[in-house]
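Visitor: Next up, model_19.pdb (PDB, C-alpha atoms).
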ATOM      1  CA  MET A  25      -1.242  12.057  18.754
ATOM      2  CA  LYS A  26      -0.517  13.116  15.200
ATOM      3  CA  LYS A  27       0.652  10.280  12.984
ATOM      4  CA  LYS A  28       2.369  10.414   9.599
ATOM      5  CA  LEU A  29       2.091   8.486   6.374
ATOM      6  CA  LEU A  30       5.042   8.457   3.977
ATOM      7  CA  PHE A  31       4.482   7.495   0.335
ATOM      8  CA  LEU A  32       7.396   5.178  -0.436
ATOM      9  CA  GLY A  33       6.104   4.437  -3.927
ATOM     10  CA  THR A  34       3.161   5.774  -5.924
ATOM     11  CA  GLY A  35       3.601   3.968  -9.246
ATOM     12  CA  SER A  36       1.702   1.184 -10.944
ATOM     13  CA  SER A  37       2.850  -2.431 -11.170
ATOM     14  CA  GLY A  38       5.545  -1.630 -13.769
ATOM     15  CA  GLY A  39       6.774   1.525 -12.066
ATOM     16  CA  VAL A  40       7.570   4.815 -13.807
ATOM     17  CA  PRO A  41       9.650   5.093 -15.941
ATOM     18  CA  LEU A  42       8.371   1.933 -17.565
ATOM     19  CA  ILE A  43      11.048  -0.323 -19.034
ATOM     20  CA  GLY A  44      11.513   0.342 -22.754
ATOM     21  CA  CYS A  45       9.167   3.339 -22.908
ATOM     22  CA  ASP A  46      10.157   6.694 -24.412
ATOM     23  CA  CYS A  47       6.945   8.606 -23.663
ATOM     24  CA  ALA A  48       7.019  12.150 -22.274
ATOM     25  CA  VAL A  49       6.429  11.021 -18.688
ATOM     26  CA  CYS A  50       8.972   8.191 -18.745
ATOM     27  CA  THR A  51      11.649  10.513 -20.154
ATOM     28  CA  SER A  52      10.688  13.435 -17.911
ATOM     29  CA  ASN A  53      13.297  15.023 -15.655
ATOM     30  CA  SER A  54      10.677  15.838 -13.019
ATOM     31  CA  PRO A  55      11.190  13.901  -9.766
ATOM     32  CA  PHE A  56       7.398  13.809  -9.440
ATOM     33  CA  ASN A  57       7.256  11.545 -12.495
ATOM     34  CA  LYS A  58       9.624   8.978 -10.950
ATOM     35  CA  ARG A  59       7.363   6.411  -9.293
ATOM     36  CA  LEU A  60       8.449   3.250  -7.499
ATOM     37  CA  ARG A  61       5.966   0.454  -6.912
ATOM     38  CA  PRO A  62       3.122   1.198  -4.445
ATOM     39  CA  SER A  63       3.929   1.164  -0.732
ATOM     40  CA  VAL A  64       3.486   3.440   2.278
ATOM     41  CA  LEU A  65       5.028   3.698   5.742
ATOM     42  CA  LEU A  66       2.952   4.612   8.788
ATOM     43  CA  LYS A  67       4.934   6.522  11.402
ATOM     44  CA  CYS A  68       3.082   6.195  14.672
ATOM     45  CA  GLY A  69       5.370   7.491  17.399
ATOM     46  CA  ALA A  70       8.137   4.908  17.732
ATOM     47  CA  GLU A  71       6.221   2.434  15.555
ATOM     48  CA  ASN A  72       7.029   2.066  11.853
ATOM     49  CA  ILE A  73       4.351   0.016  10.076
ATOM     50  CA  LEU A  74       4.928  -0.828   6.430
ATOM     51  CA  ILE A  75       1.900  -1.301   4.181
ATOM     52  CA  ASP A  76       2.829  -3.614   1.288
ATOM     53  CA  PRO A  77       6.486  -4.676   0.978
ATOM     54  CA  GLY A  78       6.702  -4.347  -2.804
ATOM     55  CA  PRO A  79       9.617  -5.270  -5.077
ATOM     56  CA  ASP A  80      11.184  -1.801  -4.717
ATOM     57  CA  PHE A  81      11.300  -1.900  -0.919
ATOM     58  CA  ARG A  82      15.095  -2.181  -0.659
ATOM     59  CA  ALA A  83      15.563   0.975  -2.746
ATOM     60  CA  GLN A  84      12.804   2.721  -0.786
ATOM     61  CA  ALA A  85      14.324   1.801   2.582
ATOM     62  CA  LEU A  86      17.710   3.149   1.520
ATOM     63  CA  LYS A  87      16.275   6.292  -0.045
ATOM     64  CA  TYR A  88      14.115   7.207   2.961
ATOM     65  CA  LYS A  89      16.542   5.890   5.600
ATOM     66  CA  ILE A  90      14.238   3.315   7.153
ATOM     67  CA  LYS A  91      16.399   1.843   9.914
ATOM     68  CA  HIS A  92      13.770   0.002  11.910
ATOM     69  CA  LEU A  93      10.477  -1.668  11.172
ATOM     70  CA  THR A  94       7.874  -2.616  13.757
ATOM     71  CA  ALA A  95       5.441  -4.540  11.575
ATOM     72  CA  THR A  96       3.966  -4.899   8.110
ATOM     73  CA  ILE A  97       0.489  -5.109   6.618
ATOM     74  CA  ILE A  98      -0.313  -6.819   3.320
ATOM     75  CA  THR A  99      -3.335  -5.567   1.385
ATOM     76  CA  HIS A 100      -3.219  -8.388  -1.193
ATOM     77  CA  VAL A 101      -0.762 -10.757  -2.829
ATOM     78  CA  HIS A 102      -0.128  -9.343  -6.295
ATOM     79  CA  TYR A 103       3.632  -9.218  -6.909
ATOM     80  CA  ASP A 104       3.879  -5.421  -6.877
ATOM     81  CA  HIS A 105       2.661  -5.516  -3.269
ATOM     82  CA  ILE A 106       4.613  -8.473  -1.850
ATOM     83  CA  GLY A 107       7.748  -8.763  -4.019
ATOM     84  CA  GLY A 108       9.942  -7.281  -1.277
ATOM     85  CA  LEU A 109       8.989  -9.670   1.516
ATOM     86  CA  ASP A 110      12.427 -11.265   1.559
ATOM     87  CA  ASP A 111      14.058  -7.834   1.894
ATOM     88  CA  LEU A 112      12.461  -7.487   5.332
ATOM     89  CA  ARG A 113      14.882 -10.100   6.649
ATOM     90  CA  ILE A 114      17.368  -7.390   7.651
ATOM     91  CA  PHE A 115      14.871  -6.237  10.285
ATOM     92  CA  TYR A 116      14.448  -9.845  11.392
ATOM     93  CA  PHE A 117      18.224 -10.108  11.820
ATOM     94  CA  ILE A 118      18.393  -6.797  13.698
ATOM     95  CA  GLY A 119      15.453  -7.492  16.000
ATOM     96  CA  LYS A 120      16.201 -11.204  16.414
ATOM     97  CA  LYS A 121      12.497 -11.996  16.444
ATOM     98  CA  PRO A 122       9.764 -12.609  13.863
ATOM     99  CA  ILE A 123       8.227  -9.562  12.180
ATOM    100  CA  HIS A 124       4.535  -9.067  12.882
ATOM    101  CA  CYS A 125       2.415  -9.198   9.725
ATOM    102  CA  MET A 126      -1.312  -8.454   9.472
ATOM    103  CA  LEU A 127      -3.273  -9.700   6.458
ATOM    104  CA  SER A 128      -6.497 -11.373   5.398
ATOM    105  CA  THR A 129      -6.967 -15.127   5.718
ATOM    106  CA  SER A 130      -7.073 -15.500   1.927
ATOM    107  CA  SER A 131      -3.785 -13.598   1.528
ATOM    108  CA  TYR A 132      -2.208 -15.776   4.203
ATOM    109  CA  GLU A 133      -3.198 -18.972   2.408
ATOM    110  CA  GLU A 134      -1.808 -17.601  -0.866
ATOM    111  CA  LEU A 135       1.480 -16.608   0.781
ATOM    112  CA  LYS A 136       1.968 -20.175   1.965
ATOM    113  CA  LEU A 137       2.022 -21.221  -1.693
ATOM    114  CA  ARG A 138       4.115 -18.386  -3.113
ATOM    115  CA  TYR A 139       6.636 -18.162  -0.247
ATOM    116  CA  PHE A 140       6.491 -21.743   0.964
ATOM    117  CA  TYR A 141      10.116 -21.695   2.164
ATOM    118  CA  GLN A 142       9.285 -19.043   4.757
ATOM    119  CA  PHE A 143       6.954 -21.539   6.435
ATOM    120  CA  LEU A 144       9.408 -24.453   6.584
ATOM    121  CA  GLU A 145      10.971 -25.519   9.854
ATOM    122  CA  THR A 146      14.542 -24.218   9.941
ATOM    123  CA  LYS A 147      17.552 -24.849  12.132
ATOM    124  CA  LYS A 148      18.002 -22.393  14.961
ATOM    125  CA  THR A 149      21.393 -21.361  13.616
ATOM    126  CA  ASN A 150      22.558 -20.192  10.202
ATOM    127  CA  SER A 151      19.036 -19.465   8.916
ATOM    128  CA  LYS A 152      18.946 -16.639   6.381
ATOM    129  CA  THR A 153      15.191 -16.730   5.817
ATOM    130  CA  VAL A 154      12.953 -14.021   7.241
ATOM    131  CA  LYS A 155      10.368 -15.161   9.761
ATOM    132  CA  PHE A 156       6.967 -13.578  10.324
ATOM    133  CA  GLU A 157       4.402 -13.785  13.076
ATOM    134  CA  TYR A 158       1.114 -13.628  11.211
ATOM    135  CA  MET A 159      -2.108 -12.054  12.404
ATOM    136  CA  THR A 160      -4.939 -13.063  10.100
ATOM    137  CA  LEU A 161      -8.213 -11.167   9.850
ATOM    138  CA  PRO A 162     -11.073 -13.671   9.861
ATOM    139  CA  ASN A 163     -13.819 -11.428   8.472
ATOM    140  CA  GLU A 164     -14.239  -9.135   5.461
ATOM    141  CA  ARG A 165     -15.005  -6.148   7.682
ATOM    142  CA  GLY A 166     -14.047  -5.341  11.220
ATOM    143  CA  GLU A 167     -11.836  -3.443  13.633
ATOM    144  CA  VAL A 168      -8.518  -4.350  15.179
ATOM    145  CA  ASP A 169      -5.725  -2.818  17.257
ATOM    146  CA  PHE A 170      -2.301  -3.448  15.753
ATOM    147  CA  HIS A 171       0.894  -2.032  17.236
ATOM    148  CA  GLY A 172      -0.739   0.914  18.912
ATOM    149  CA  THR A 173      -2.962   1.945  15.993
ATOM    150  CA  HIS A 174      -6.667   1.247  15.715
ATOM    151  CA  PHE A 175      -7.596  -0.003  12.248
ATOM    152  CA  GLN A 176     -10.979  -0.400  10.666
ATOM    153  CA  TYR A 177     -10.608  -2.838   7.780
ATOM    154  CA  LEU A 178     -12.800  -3.682   4.806
ATOM    155  CA  THR A 179     -12.664  -5.829   1.682
ATOM    156  CA  TYR A 180     -13.164  -5.068  -2.006
ATOM    157  CA  TYR A 181     -11.917  -6.732  -5.184
ATOM    158  CA  GLN A 182      -9.450  -6.324  -8.014
ATOM    159  CA  GLY A 183     -10.756  -8.880 -10.491
ATOM    160  CA  ASP A 184     -10.904 -12.129  -8.509
ATOM    161  CA  MET A 185      -8.376 -10.912  -5.940
ATOM    162  CA  PRO A 186      -9.743  -9.754  -2.557
ATOM    163  CA  VAL A 187      -7.992  -6.614  -1.350
ATOM    164  CA  LEU A 188      -7.769  -5.263   2.180
ATOM    165  CA  GLY A 189      -8.718  -1.619   2.643
ATOM    166  CA  LEU A 190      -7.631   0.224   5.782
ATOM    167  CA  ARG A 191      -9.000   3.117   7.785
ATOM    168  CA  MET A 192      -6.969   4.763  10.524
ATOM    169  CA  GLY A 193      -9.140   7.378  12.194
ATOM    170  CA  SER A 194      -9.684  10.210   9.729
ATOM    171  CA  LEU A 195      -7.528   8.627   6.984
ATOM    172  CA  ALA A 196      -8.308   5.722   4.657
ATOM    173  CA  TYR A 197      -5.973   3.781   2.365
ATOM    174  CA  ILE A 198      -7.774   2.157  -0.584
ATOM    175  CA  THR A 199      -5.451   0.770  -3.231
ATOM    176  CA  ASP A 200      -6.040  -1.531  -6.238
ATOM    177  CA  ILE A 201      -9.810  -1.160  -6.176
ATOM    178  CA  ARG A 202     -12.136  -2.153  -8.991
ATOM    179  CA  GLN A 203     -15.269  -3.892  -7.626
ATOM    180  CA  TYR A 204     -16.662  -3.083  -4.201
ATOM    181  CA  PRO A 205     -19.754  -3.632  -2.021
ATOM    182  CA  GLU A 206     -21.976  -0.658  -1.219
ATOM    183  CA  THR A 207     -21.068  -1.137   2.446
ATOM    184  CA  ILE A 208     -17.734   0.496   1.632
ATOM    185  CA  PHE A 209     -19.365   3.906   1.925
ATOM    186  CA  GLU A 210     -20.573   3.038   5.423
ATOM    187  CA  ASP A 211     -17.039   2.039   6.381
ATOM    188  CA  LEU A 212     -15.581   5.235   4.915
ATOM    189  CA  LYS A 213     -18.206   7.622   6.293
ATOM    190  CA  GLY A 214     -16.532  10.606   7.918
ATOM    191  CA  VAL A 215     -13.120  10.006   6.348
ATOM    192  CA  GLU A 216     -11.350  13.335   5.863
ATOM    193  CA  THR A 217      -8.268  12.153   3.968
ATOM    194  CA  LEU A 218      -8.641   9.468   1.311
ATOM    195  CA  ILE A 219      -5.843   7.710  -0.544
ATOM    196  CA  VAL A 220      -7.239   5.814  -3.521
ATOM    197  CA  SER A 221      -5.728   4.322  -6.658
ATOM    198  CA  GLY A 222      -6.332   6.157  -9.936
ATOM    199  CA  LEU A 223      -4.332   4.420 -12.623
ATOM    200  CA  ARG A 224      -4.706   6.583 -15.740
ATOM    201  CA  HIS A 225      -7.227   8.421 -17.932
ATOM    202  CA  SER A 226      -8.088   5.391 -20.084
ATOM    203  CA  PRO A 227     -10.247   2.559 -18.684
ATOM    204  CA  SER A 228      -8.844  -0.531 -16.974
ATOM    205  CA  HIS A 229     -10.604  -3.771 -16.074
ATOM    206  CA  VAL A 230      -8.606  -4.100 -12.826
ATOM    207  CA  HIS A 231      -8.246  -0.485 -11.620
ATOM    208  CA  PHE A 232     -10.199   2.733 -11.321
ATOM    209  CA  SER A 233      -9.455   5.226 -14.047
ATOM    210  CA  LEU A 234      -8.706   8.708 -12.736
ATOM    211  CA  ASP A 235     -12.279   9.845 -13.456
ATOM    212  CA  GLU A 236     -13.699   6.788 -11.689
ATOM    213  CA  ALA A 237     -11.429   7.368  -8.694
ATOM    214  CA  LEU A 238     -12.529  11.002  -8.581
ATOM    215  CA  ALA A 239     -16.213  10.004  -8.642
ATOM    216  CA  PHE A 240     -15.588   7.446  -5.876
ATOM    217  CA  ALA A 241     -13.821  10.083  -3.777
ATOM    218  CA  GLU A 242     -16.697  12.507  -4.242
ATOM    219  CA  GLN A 243     -19.154   9.855  -3.027
ATOM    220  CA  VAL A 244     -17.001   9.197   0.040
ATOM    221  CA  GLY A 245     -16.993  12.940   0.716
ATOM    222  CA  ALA A 246     -13.394  13.253   1.882
ATOM    223  CA  LYS A 247     -11.986  16.754   2.285
ATOM    224  CA  LYS A 248      -8.609  15.797   0.814
ATOM    225  CA  VAL A 249      -7.834  13.080  -1.738
ATOM    226  CA  TYR A 250      -4.504  11.665  -2.892
ATOM    227  CA  PHE A 251      -4.406   9.360  -5.913
ATOM    228  CA  ASN A 252      -1.780   6.615  -5.997
ATOM    229  CA  HIS A 253      -0.898   3.539  -8.092
ATOM    230  CA  ILE A 254      -0.261   5.923 -10.993
ATOM    231  CA  ASP A 255       0.660   4.783 -14.515
ATOM    232  CA  HIS A 256       3.011   6.545 -16.930
ATOM    233  CA  GLU A 257       0.028   8.029 -18.766
ATOM    234  CA  LEU A 258      -0.324  10.726 -16.107
ATOM    235  CA  ASP A 259       2.114  13.648 -15.924
ATOM    236  CA  HIS A 260       2.207  14.935 -12.355
ATOM    237  CA  GLU A 261       2.032  18.672 -12.970
ATOM    238  CA  LYS A 262      -0.370  18.612 -15.919
ATOM    239  CA  THR A 263      -2.747  16.185 -14.206
ATOM    240  CA  ASN A 264      -2.842  18.115 -10.936
ATOM    241  CA  LYS A 265      -3.759  21.291 -12.811
ATOM    242  CA  SER A 266      -6.818  19.493 -14.192
ATOM    243  CA  LEU A 267      -8.018  18.207 -10.807
ATOM    244  CA  PRO A 268     -10.220  19.944  -8.215
ATOM    245  CA  GLU A 269      -8.390  21.868  -5.510
ATOM    246  CA  TRP A 270      -9.049  19.115  -2.963
ATOM    247  CA  ALA A 271      -7.534  16.318  -5.092
ATOM    248  CA  ASN A 272      -3.939  15.632  -6.150
ATOM    249  CA  LEU A 273      -1.697  12.922  -7.484
ATOM    250  CA  SER A 274       0.570  11.716  -4.690
ATOM    251  CA  TYR A 275       4.318  11.448  -5.259
ATOM    252  CA  ASP A 276       7.187   9.368  -3.928
ATOM    253  CA  GLY A 277       8.527  10.902  -0.718
ATOM    254  CA  GLN A 278       5.358  12.849   0.092
ATOM    255  CA  GLU A 279       4.440  12.809   3.771
ATOM    256  CA  ILE A 280       1.055  13.666   5.261
ATOM    257  CA  GLU A 281      -0.242  13.867   8.825
ATOM    258  CA  PHE A 282      -3.456  12.362  10.168
ATOM    259  CA  ASP A 283      -5.254  11.904  13.494
TER     260      ASP A 283
END
Rewrite the coordinates I just gave you, this time as structure tokens.

Guide:
Amino acid sequence: MKKKLLFLGTGSSGGVPLIGCDCAVCTSNSPFNKRLRPSVLLKCGAENILIDPGPDFRAQALKYKIKHLTATIITHVHYDHIGGLDDLRIFYFIGKKPIHCMLSTSSYEELKLRYFYQFLETKKTNSKTVKFEYMTLPNERGEVDFHGTHFQYLTYYQGDMPVLGLRMGSLAYITDIRQYPETIFEDLKGVETLIVSGLRHSPSHVHFSLDEALAFAEQVGAKKVYFNHIDHELDHEKTNKSLPEWANLSYDGQEIEFD
């Protein structure tokens, strides 16, 4: 069965336009240069699986008419990837049951500190707090079935923060990557479509630059590459003209199919 991935947001942690910036990209009229914080939606038949409920999720859900949500996956606990957790409560109210959430053990322990109130015992009535049913991944690498989709998962790092990478058949989603083990290329062997973060042209100590992301993609050997987590340094049209035919910047609202 063909499945779809919808880019809800392709921007960096500050989004694009960036507050207070008057650069050419931030003041551009091109819709491709309007980037909400990074998040994607997997459409797998009747299942809608959200990867990273970022702080722009409410706007994304309204814009792309997301009326039901089956589950969510958290790659890591930086604010631009979890800031919209509370906005998922509407789906908790609609479904009248906890929302399934898959994440690493380290992310789970961090969530208990940052969103402590979600873990408190509440009265059965009049509770306005979202509830989750957590599925923690005990190892750094492995495979798991989650809501009808088979995932191969792996771990890399953004500074000291472990990040969960995901492979779904021929497609892999690798965001916020900086340091990684060499085993990552074993895990990504045979991937045909790669989504990987490429922040900007200039170097970053917590993200791949665009050139570094391109080199990583070439080593993976994917046939098609989409860069996400894009800063305001990169103009969509100009940057895509400079890239190989098989590589492109992604954009908010873009939808791709995978097996």

Visitor: Identify all residues satisfying the PyMOL selection byres ((chain A and resi 255-262) around 8) in the given file; provide them as a list in words.

Guide: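 For this structure, the PyMOL selection byres ((chain A and resi 255-262) around 8) resolves to Gly35, Ser36, Gly39, Val40, Pro41, Leu42, Val49, Cys50, Phe56, Asn57, Leu223, Arg224, His225, His253, Ile254, Thr263, Asn264, Lys265, Ser266 and Leu273 of chain A.
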
Visitor: Go through A:Pro79, A:Pro62, A:Gly183, A:Pro122 one by one, measure the shortest atom-to-atom distance of each to Ser221 (chain A) using only C-alpha atoms, and give the residue with the smallest value.

Guide: A:Pro62

Visitor: Run the PyMOL selection byres ((chain A and resi 83-94) around 7) mentally over the shown coordinates, then write out the matched residues as a compact mmCIF listing (two decimals) with C-alpha atoms, in the coordinates of the input, using the chain letters and numbers from the document.

Guide:
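New file part.txt:
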# COMPACT_ATOMS: atom_id res chain seq x y z
CA LEU A 32 7.40 5.18 -0.44
CA GLU A 71 6.22 2.43 15.56
CA ASN A 72 7.03 2.07 11.85
CA ILE A 73 4.35 0.02 10.08
CA ASP A 80 11.18 -1.80 -4.72
CA PHE A 81 11.30 -1.90 -0.92
CA ARG A 82 15.10 -2.18 -0.66
CA ALA A 95 5.44 -4.54 11.58
CA PHE A 115 14.87 -6.24 10.28

Visitor: Considering all atoms listed in the file, can you say which of A:Met126, A:Met25, A:Val101, A:Thr34 comes closest to Leu74 (chain A)?

Guide: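 When distances to Leu74 (chain A) are compared using all atoms listed in the file, the smallest one comes from A:Met126.
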
Visitor: Can you tell me which residues surround Gln243 (chain A) at a distance of at most 12 Å, considering all atoms listed in the file, apart from same-chain residues fewer than 6 positions away, and format the answer as a list in words?

Guide: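 My list of contacting residues is Glu206, Ile208, Phe209, Glu210, Leu212, Lys213, Gly214, Val215, Leu218, Glu236, Ala237 and Val249 of chain A.
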
Visitor: Kindly compute an axis-aligned box around the listed atoms of region 28-34 of chain A, allowing 4 Å on each side, and express its centre and edge lengths in Å to one decimal as AutoDock Vina command-line options.

Guide:
--center_x 4.7 --center_y 7.4 --center_z 1.8 --size_x 13.3 --size_y 14.0 --size_z 23.5

Visitor: Choose the residue, out of A:Arg113, A:Lys248, A:His124, A:Arg191, that has the smallest atom-to-atom separation from Thr160 (chain A); count all atoms listed in the file.

Guide: A:His124

Visitor: Skipping near chain neighbours, those fewer than 5 positions away, what residues fall within 10 Å of Ile219 (chain A) using all atoms listed in the file, listed as a JSON list (two decimals) with C-alpha atoms, keeping the file's coordinate frame?

Guide:
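Produced file around_11.json, reproduced below:
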[["chain", "number", "residue", "atom", "x", "y", "z"],
["A", 190, "LEU", "CA", -7.63, 0.22, 5.78],
["A", 195, "LEU", "CA", -7.53, 8.63, 6.98],
["A", 196, "ALA", "CA", -8.31, 5.72, 4.66],
["A", 197, "TYR", "CA", -5.97, 3.78, 2.37],
["A", 198, "ILE", "CA", -7.77, 2.16, -0.58],
["A", 199, "THR", "CA", -5.45, 0.77, -3.23],
["A", 237, "ALA", "CA", -11.43, 7.37, -8.69],
["A", 241, "ALA", "CA", -13.82, 10.08, -3.78],
["A", 246, "ALA", "CA", -13.39, 13.25, 1.88],
["A", 248, "LYS", "CA", -8.61, 15.80, 0.81],
["A", 249, "VAL", "CA", -7.83, 13.08, -1.74],
["A", 250, "TYR", "CA", -4.50, 11.66, -2.89],
["A", 251, "PHE", "CA", -4.41, 9.36, -5.91],
["A", 252, "ASN", "CA", -1.78, 6.62, -6.00],
["A", 253, "HIS", "CA", -0.90, 3.54, -8.09],
["A", 271, "ALA", "CA", -7.53, 16.32, -5.09],
["A", 272, "ASN", "CA", -3.94, 15.63, -6.15],
["A", 273, "LEU", "CA", -1.70, 12.92, -7.48],
["A", 274, "SER", "CA", 0.57, 11.72, -4.69]]

Visitor: Find the residues around Met192 (chain A) up to 12 Å (only C-alpha atoms counted), leave out those fewer than 2 positions away in its own chain, and share them as an MDAnalysis selection string.

Guide: chainID A and resid 26:29 66 68 167:170 172:178 189:190 194:198 211:212 214:219 281:283

Visitor: For the atom pair CA of Ile43 (chain A) and CA of Lys58 (chain A), what is the interatomic distance in Å to one decimal place?

Guide: 12.4 Å

Visitor: With a distance cut-off of 8 Å and all atoms listed in the file, select the neighbouring residues of Ser128 (chain A), excluding the residue or stretch itself and same-chain residues fewer than 6 positions from it, and output the selection as a VMD selection string.

Guide: chain A and resid 98 to 100 160 to 163 188

Visitor: Taking the file as shown, find all residues satisfying the PyMOL selection byres ((chain A and resi 137-142) around 8) and write them as a list in words.

Guide: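 This file, filtered by the PyMOL selection byres ((chain A and resi 137-142) around 8), leaves Glu133, Glu134, Leu135, Lys136, Phe143, Leu144, Thr153, Val154 and Lys155 of chain A.
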
Visitor: Write the residues of the selection above to a file with C-alpha atoms, as a compact mmCIF listing (two decimals), in the frame of the given file.

Guide:
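Saved the output as again_36.txt:
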# COMPACT_ATOMS: atom_id res chain seq x y z
CA GLU A 133 -3.20 -18.97 2.41
CA GLU A 134 -1.81 -17.60 -0.87
CA LEU A 135 1.48 -16.61 0.78
CA LYS A 136 1.97 -20.18 1.96
CA PHE A 143 6.95 -21.54 6.44
CA LEU A 144 9.41 -24.45 6.58
CA THR A 153 15.19 -16.73 5.82
CA VAL A 154 12.95 -14.02 7.24
CA LYS A 155 10.37 -15.16 9.76

Visitor: Between CA of Ile201 (chain A) and CA of Glu279 (chain A), what is the distance, to one decimal in Å?

Guide: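 Value for the CA of Ile201 (chain A)-CA of Glu279 (chain A) distance: 22.3 Å.
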
Visitor: Using all atoms listed in the file, can you tell me which of A:Phe240, A:His229, A:Leu60, A:Asp235 comes closest to Leu267 (chain A)?

Guide: A:Asp235

Visitor: Would you mind putting all heavy atoms back on region 89-95 of chain A and writing the result as a compact mmCIF listing (two decimals), in the coordinates of the input?

Guide:
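See out_10.txt below for the written result:
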# COMPACT_ATOMS: atom_id res chain seq x y z
N LYS A 89 15.81 6.16 4.36
CA LYS A 89 16.54 5.89 5.60
C LYS A 89 15.68 5.19 6.65
O LYS A 89 15.60 5.62 7.82
CB LYS A 89 17.14 7.19 6.15
CG LYS A 89 18.18 7.82 5.21
CD LYS A 89 18.73 9.13 5.76
CE LYS A 89 19.90 9.64 4.93
NZ LYS A 89 19.58 9.82 3.50
N ILE A 90 15.04 4.12 6.23
CA ILE A 90 14.24 3.32 7.15
C ILE A 90 15.18 2.37 7.88
O ILE A 90 15.70 1.42 7.29
CB ILE A 90 13.15 2.52 6.40
CG1 ILE A 90 12.22 3.48 5.64
CG2 ILE A 90 12.34 1.68 7.38
CD1 ILE A 90 11.24 2.79 4.73
N LYS A 91 15.42 2.62 9.16
CA LYS A 91 16.40 1.84 9.91
C LYS A 91 15.76 0.87 10.89
O LYS A 91 16.44 0.02 11.47
CB LYS A 91 17.35 2.79 10.65
CG LYS A 91 18.19 3.64 9.71
CD LYS A 91 19.19 4.50 10.46
CE LYS A 91 20.05 5.30 9.48
NZ LYS A 91 21.04 6.15 10.20
N HIS A 92 14.46 1.00 11.10
CA HIS A 92 13.77 0.00 11.91
C HIS A 92 12.34 -0.16 11.41
O HIS A 92 11.76 0.75 10.82
CB HIS A 92 13.80 0.38 13.40
CG HIS A 92 12.78 1.41 13.78
ND1 HIS A 92 12.98 2.76 13.61
CD2 HIS A 92 11.54 1.28 14.35
CE1 HIS A 92 11.93 3.43 14.06
NE2 HIS A 92 11.04 2.55 14.51
N LEU A 93 11.82 -1.34 11.62
CA LEU A 93 10.48 -1.67 11.17
C LEU A 93 9.78 -2.44 12.28
O LEU A 93 10.30 -3.45 12.77
CB LEU A 93 10.53 -2.50 9.89
CG LEU A 93 9.20 -2.74 9.17
CD1 LEU A 93 8.67 -1.42 8.60
CD2 LEU A 93 9.39 -3.76 8.05
N THR A 94 8.61 -1.96 12.69
CA THR A 94 7.87 -2.62 13.76
C THR A 94 7.04 -3.78 13.24
O THR A 94 6.98 -4.85 13.83
CB THR A 94 6.94 -1.60 14.45
OG1 THR A 94 7.69 -0.44 14.80
CG2 THR A 94 6.31 -2.19 15.68
N ALA A 95 6.38 -3.55 12.10
CA ALA A 95 5.44 -4.54 11.58
C ALA A 95 5.12 -4.21 10.12
O ALA A 95 5.49 -3.15 9.61
CB ALA A 95 4.16 -4.56 12.41
